[in-house]
Amino acid sequence: MSDAPKEMRAVYNETLMELAAVNPNIVVVEADLMRATGTIPFMKAFPDRAINVGVAEANLVGVASGLSSTGKIPFAATFACFASRRAYDQFFLSSNYAKLNVKLVGTDPGVMAVFNGGTHMPFEDLALMRVIPDLTIVEPSDPVSLKAFIKLAAARYGCVYLRMPRKPAPSFYPADESFEFGKAKLLREGKDVVLVALGALMVAEALKAADLLKVKGVSAAVIDVLTLKPLDGALIGTWAKKCGKVVTMENHQAIGGLGSAVAEYLMENGIAVKFARQGVKDLFGEVGTLDYLQARFQLTAADTVRIVESL
Amino acid sequence: MEPAERKELEALAKEIRKLTIDEIGFLGVGHIGGSMSVIEALSVIYHRHLRYDPKNPNKADRDRFVMSKGHAGPAVYAMLAHKGFFPQDWLHTLNVGGTNLPSHCDRTKTPGIDMSTGSLGQGFSAACGIALGQRMDKNGTRTYCIIGDGESNEGIIWEAAMTAAHYKLDNLIAFTDNNKMQIDGVTKDIMSMDRLLERWTSFGWNTVEVDGHNVEAIDRAVTEAKAHQGQPSMIILDTIKGKGCSFCEGKVESHNLAYTMDQVREALAALN
């Protein structure tokens, strides 16, 4: 909508540097992935506020927890597979159970781990994070929302899991768009089906799918979920009722993530609609290009169209 | 240390030991063994070194204490009660539903507890983070942390050990309660932690080993650690699990033991 695609990690670094310039408590904590997450400039500008614990993700989250107990606002980043699977007990207990203030950033979500392959491909991080009590989970869809949610996370006490691709992503929002935790955005109105999408990859696919469906005479609404927890059930429910059909779209297992969260909301609120989940079908990740992996795990707009037509 | 100061510390340790035996005995079951082995260290830390205000437990420029072996919470609670962080009668609420004194330390529930611990190794990692944060604040505060020898089986202990040494956290003073026992038996049979001092020295720490039940020796080690610059300090406490509690001293099964108020009376009488 506004700019050429911008690297998400560049936005991450720039936003943290902007915050750190005015707030001495902003701290970056890394586990030998500063080059990957893009925070080398932050480290150069604020060497005393950039901690690198080496290849030790459990300790990354433990140290971040300790830092936050002294009033620091640590942004701890690593690949989402390690942030969730490897440091889960630390994030669960030392950060969340202890009610501290850790912002944990998981990069390379789902198939975006591309050439790092199955070992590095988190299809389960959202499911793991959703069951941590009171945790805020956000997956910004573009550079504008990423910047906004980093600022919101820094401004509010409490743990946040922020899921973020590193690579360039187009902007869906004008630079001055305002966001809040727990609020989704309606990107497109529609009458026949609502596509409920999470994250840069799937929101882009949802918009593509809506275009493809339009050609076929199907009017698709598109919701950018942004915050997985707490879920904006009100907006999703409203459009589910208007359209009568819901397809959730996530770069993650269909189990336990967005699809499950939306299904829970619809069932518990008596919203009876046709419903399908687009997500990874109980499979491990594998290596490949993004195009290959999207096709392999049925995460393309063409797959969305097929799912809508089968409802 | 003046003889009078030593006597005062020994009397404090005896009092905390008695309170802890009674606290767990009133409930009837708990982590008595690993609580008894840290009593002298706690006494030296809280009576001689740690800077805190019991009436303002979250004071920004306080020193921090982390009991990473979180199951020794009952011993810390006895000390906190004795020092006035909360009324002493709270000790009889240990592990009662809704209590402020849960089995494992919880910073959200207990005044004076600086970190929630219980999943072993994590408190030590957090203590490194706390010490880093204190150093950023440049206010001269320190972090004290007790870990267990069994706890040192955890990989994160050694991850954090590297971090503290790399960042030269000389405001971090750690202790290993080397009581040589863990749940399943003696450590040399379960997971050998021999040459513990050499392990920490090789990780780049300032190290010393002392009799963990000798308050004067512990005090000297802490005083020297505070003066030491450029390295974190690890004080290995040579201790006895269940120390000073007549019915469980030196027994492997003392890790988590059920006992009666009759046994409490017997143990307190033996201490007197």
# chains A, B, ... in the order shown; residues from 1 in each chain; ligands from 1

call {"tool": "closest_atom_pairs", "arguments": {"of": "chain A", "to": "chain B", "cutoff": "8 Å", "atoms": "only C-alpha atoms", "output": "tab-separated table"}}
result
residue	atom	partner	partner_atom	distance
A:Asp48	CA	B:Met136	CA	7.1
A:Arg49	CA	B:Met136	CA	7.6
A:Val53	CA	B:Thr163	CA	5.7
A:Gly54	CA	B:Thr163	CA	7.9
A:Ala56	CA	B:Glu159	CA	6.3
A:Ala58	CA	B:Ile156	CA	6.6
A:Asn59	CA	B:Ser125	CA	5.8
A:Gly62	CA	B:Ala126	CA	4.7
A:Val63	CA	B:Gly129	CA	3.9
A:Ala64	CA	B:Gly129	CA	6.0
A:Ser65	CA	B:Ala126	CA	5.8
A:Gly66	CA	B:Ala126	CA	4.0
A:Leu67	CA	B:Gly129	CA	4.5
A:Ser68	CA	B:Ile130	CA	7.7
A:Ser69	CA	B:Ile130	CA	6.7
A:Thr70	CA	B:Gly133	CA	5.7
A:Gly71	CA	B:Gly133	CA	7.9
A:Lys72	CA	B:Gly133	CA	6.8
A:Asp89	CA	B:Ser119	CA	8.0
A:Gln90	CA	B:Gln122	CA	6.7
A:Leu93	CA	B:Ser116	CA	7.7
A:Ser94	CA	B:Ser116	CA	6.6
A:Tyr97	CA	B:Ser116	CA	7.8
A:Ala98	CA	B:Ser116	CA	5.5
A:Lys99	CA	B:Thr108	CA	7.1

call {"tool": "residues_around", "arguments": {"residues": "region 9-21 of chain A", "least_positions_apart": "3", "cutoff": "8 Å", "atoms": "only C-alpha atoms", "output": "tab-separated table (two decimals) with C-alpha atoms, in the first residue's frame"}}
result
chain	number	residue	atom	x	y	z
A	6	LYS	CA	11.13	-3.66	3.50
A	24	PRO	CA	17.43	3.59	28.71
A	25	ASN	CA	15.70	0.36	29.76
A	26	ILE	CA	15.39	-1.09	26.25
A	27	VAL	CA	17.82	-4.01	26.02
A	37	THR	CA	17.92	-10.85	13.46
A	38	GLY	CA	19.56	-7.65	12.25
A	39	THR	CA	20.56	-6.13	15.57
A	41	PRO	CA	23.55	-1.75	14.41
A	42	PHE	CA	21.77	-1.72	17.79
A	45	ALA	CA	24.98	2.08	18.99
A	143	PRO	CA	6.58	-3.57	8.33
A	146	LEU	CA	5.63	-4.83	13.10
A	147	LYS	CA	6.92	-1.41	14.10
A	150	ILE	CA	7.19	-3.57	18.93
A	151	LYS	CA	6.36	-0.15	20.36
A	165	PRO	CA	9.83	-13.18	9.39
A	166	ARG	CA	13.19	-11.56	8.70
A	167	LYS	CA	12.87	-11.06	4.96

call {"tool": "select_by_dssp", "arguments": {"residues": "region 19-158 of chain A", "states": "strand (DSSP E)", "output": "list in words"}}
result
Ile26, Val27, Val28, Val29, Glu30, Ala50, Ile51, Asn52, Ile73, Pro74, Phe75, Ala76, Ala77, Thr78, Phe79, Lys103, Leu104, Val105, Gly106, Thr107, Thr136, Ile137 and Val138 of chain A

call {"tool": "select_by_dssp", "arguments": {"residues": "region 25-267 of chain A", "states": "alpha helix (DSSP H)", "output": "number ranges by chain"}}
result
A: 34-37, 40-45, 57-69, 80-81, 88-89, 125-130, 143-155, 199-215, 233-243, 258-267

call {"tool": "closest_residue", "arguments": {"among": "B:Gly242, B:Gly98, B:Pro74, B:Gly185", "to": "Leu42 (chain B)", "atoms": "only C-alpha atoms"}}
result
B:Pro74

call {"tool": "residues_around", "arguments": {"residues": "Glu151 (chain B)", "least_positions_apart": "2", "cutoff": "8 Å", "atoms": "only C-alpha atoms", "output": "short mmCIF file (atom, residue, chain, number, x, y, z; two decimals) with C-alpha atoms, in the first residue's frame"}}
result
data_model
loop_
_atom_site.label_atom_id
_atom_site.label_comp_id
_atom_site.auth_asym_id
_atom_site.auth_seq_id
_atom_site.Cartn_x
_atom_site.Cartn_y
_atom_site.Cartn_z
CA LYS B 69 17.54 -24.56 44.29
CA LEU B 120 16.37 -26.32 38.45
CA GLY B 121 19.05 -24.20 36.84
CA ILE B 147 22.63 -23.42 43.53
CA GLY B 148 22.78 -27.10 44.42
CA ASP B 149 25.34 -29.71 43.42
CA ASN B 153 23.60 -31.49 36.47
CA GLU B 154 21.42 -29.04 34.50
CA ILE B 157 23.94 -23.88 34.86
#

call {"tool": "atom_distance", "arguments": {"atom1": "CA of Tyr88 (chain A)", "atom2": "CA of Met249 (chain A)"}}
result
24.7 Å

call {"tool": "residues_around", "arguments": {"residues": "region 1-17 of chain B", "least_positions_apart": "3", "cutoff": "8 Å", "atoms": "only C-alpha atoms", "output": "PyMOL selection string"}}
result
chain B and resi 20-21+36+39-40+43-44+47+75+78-79+82+215-216+244+271

call {"tool": "write_last_selection", "arguments": {"atoms": "C-alpha atoms", "output": "short mmCIF file (atom, residue, chain, number, x, y, z; two decimals), in the first residue's frame"}}
result
data_model
loop_
_atom_site.label_atom_id
_atom_site.label_comp_id
_atom_site.auth_asym_id
_atom_site.auth_seq_id
_atom_site.Cartn_x
_atom_site.Cartn_y
_atom_site.Cartn_z
CA THR B 20 12.63 -24.29 59.40
CA ILE B 21 12.33 -27.68 61.11
CA MET B 36 19.22 -27.60 56.44
CA ILE B 39 21.24 -22.41 56.78
CA GLU B 40 24.73 -21.11 57.59
CA SER B 43 22.66 -16.56 57.87
CA VAL B 44 25.90 -15.00 56.64
CA HIS B 47 22.90 -10.94 58.45
CA ALA B 75 14.76 -22.08 54.79
CA ALA B 78 12.30 -18.75 57.90
CA MET B 79 15.05 -16.17 57.36
CA HIS B 82 12.98 -13.65 61.18
CA VAL B 215 29.89 -19.09 59.49
CA GLU B 216 33.27 -17.47 59.93
CA GLY B 244 21.66 -30.19 62.37
CA LEU B 271 19.77 -28.47 68.94
#

call {"tool": "closest_residue", "arguments": {"among": "B:Ile218, B:Ile113, B:Ala269, B:Leu172", "to": "Gly140 (chain B)", "atoms": "only C-alpha atoms"}}
result
B:Leu172
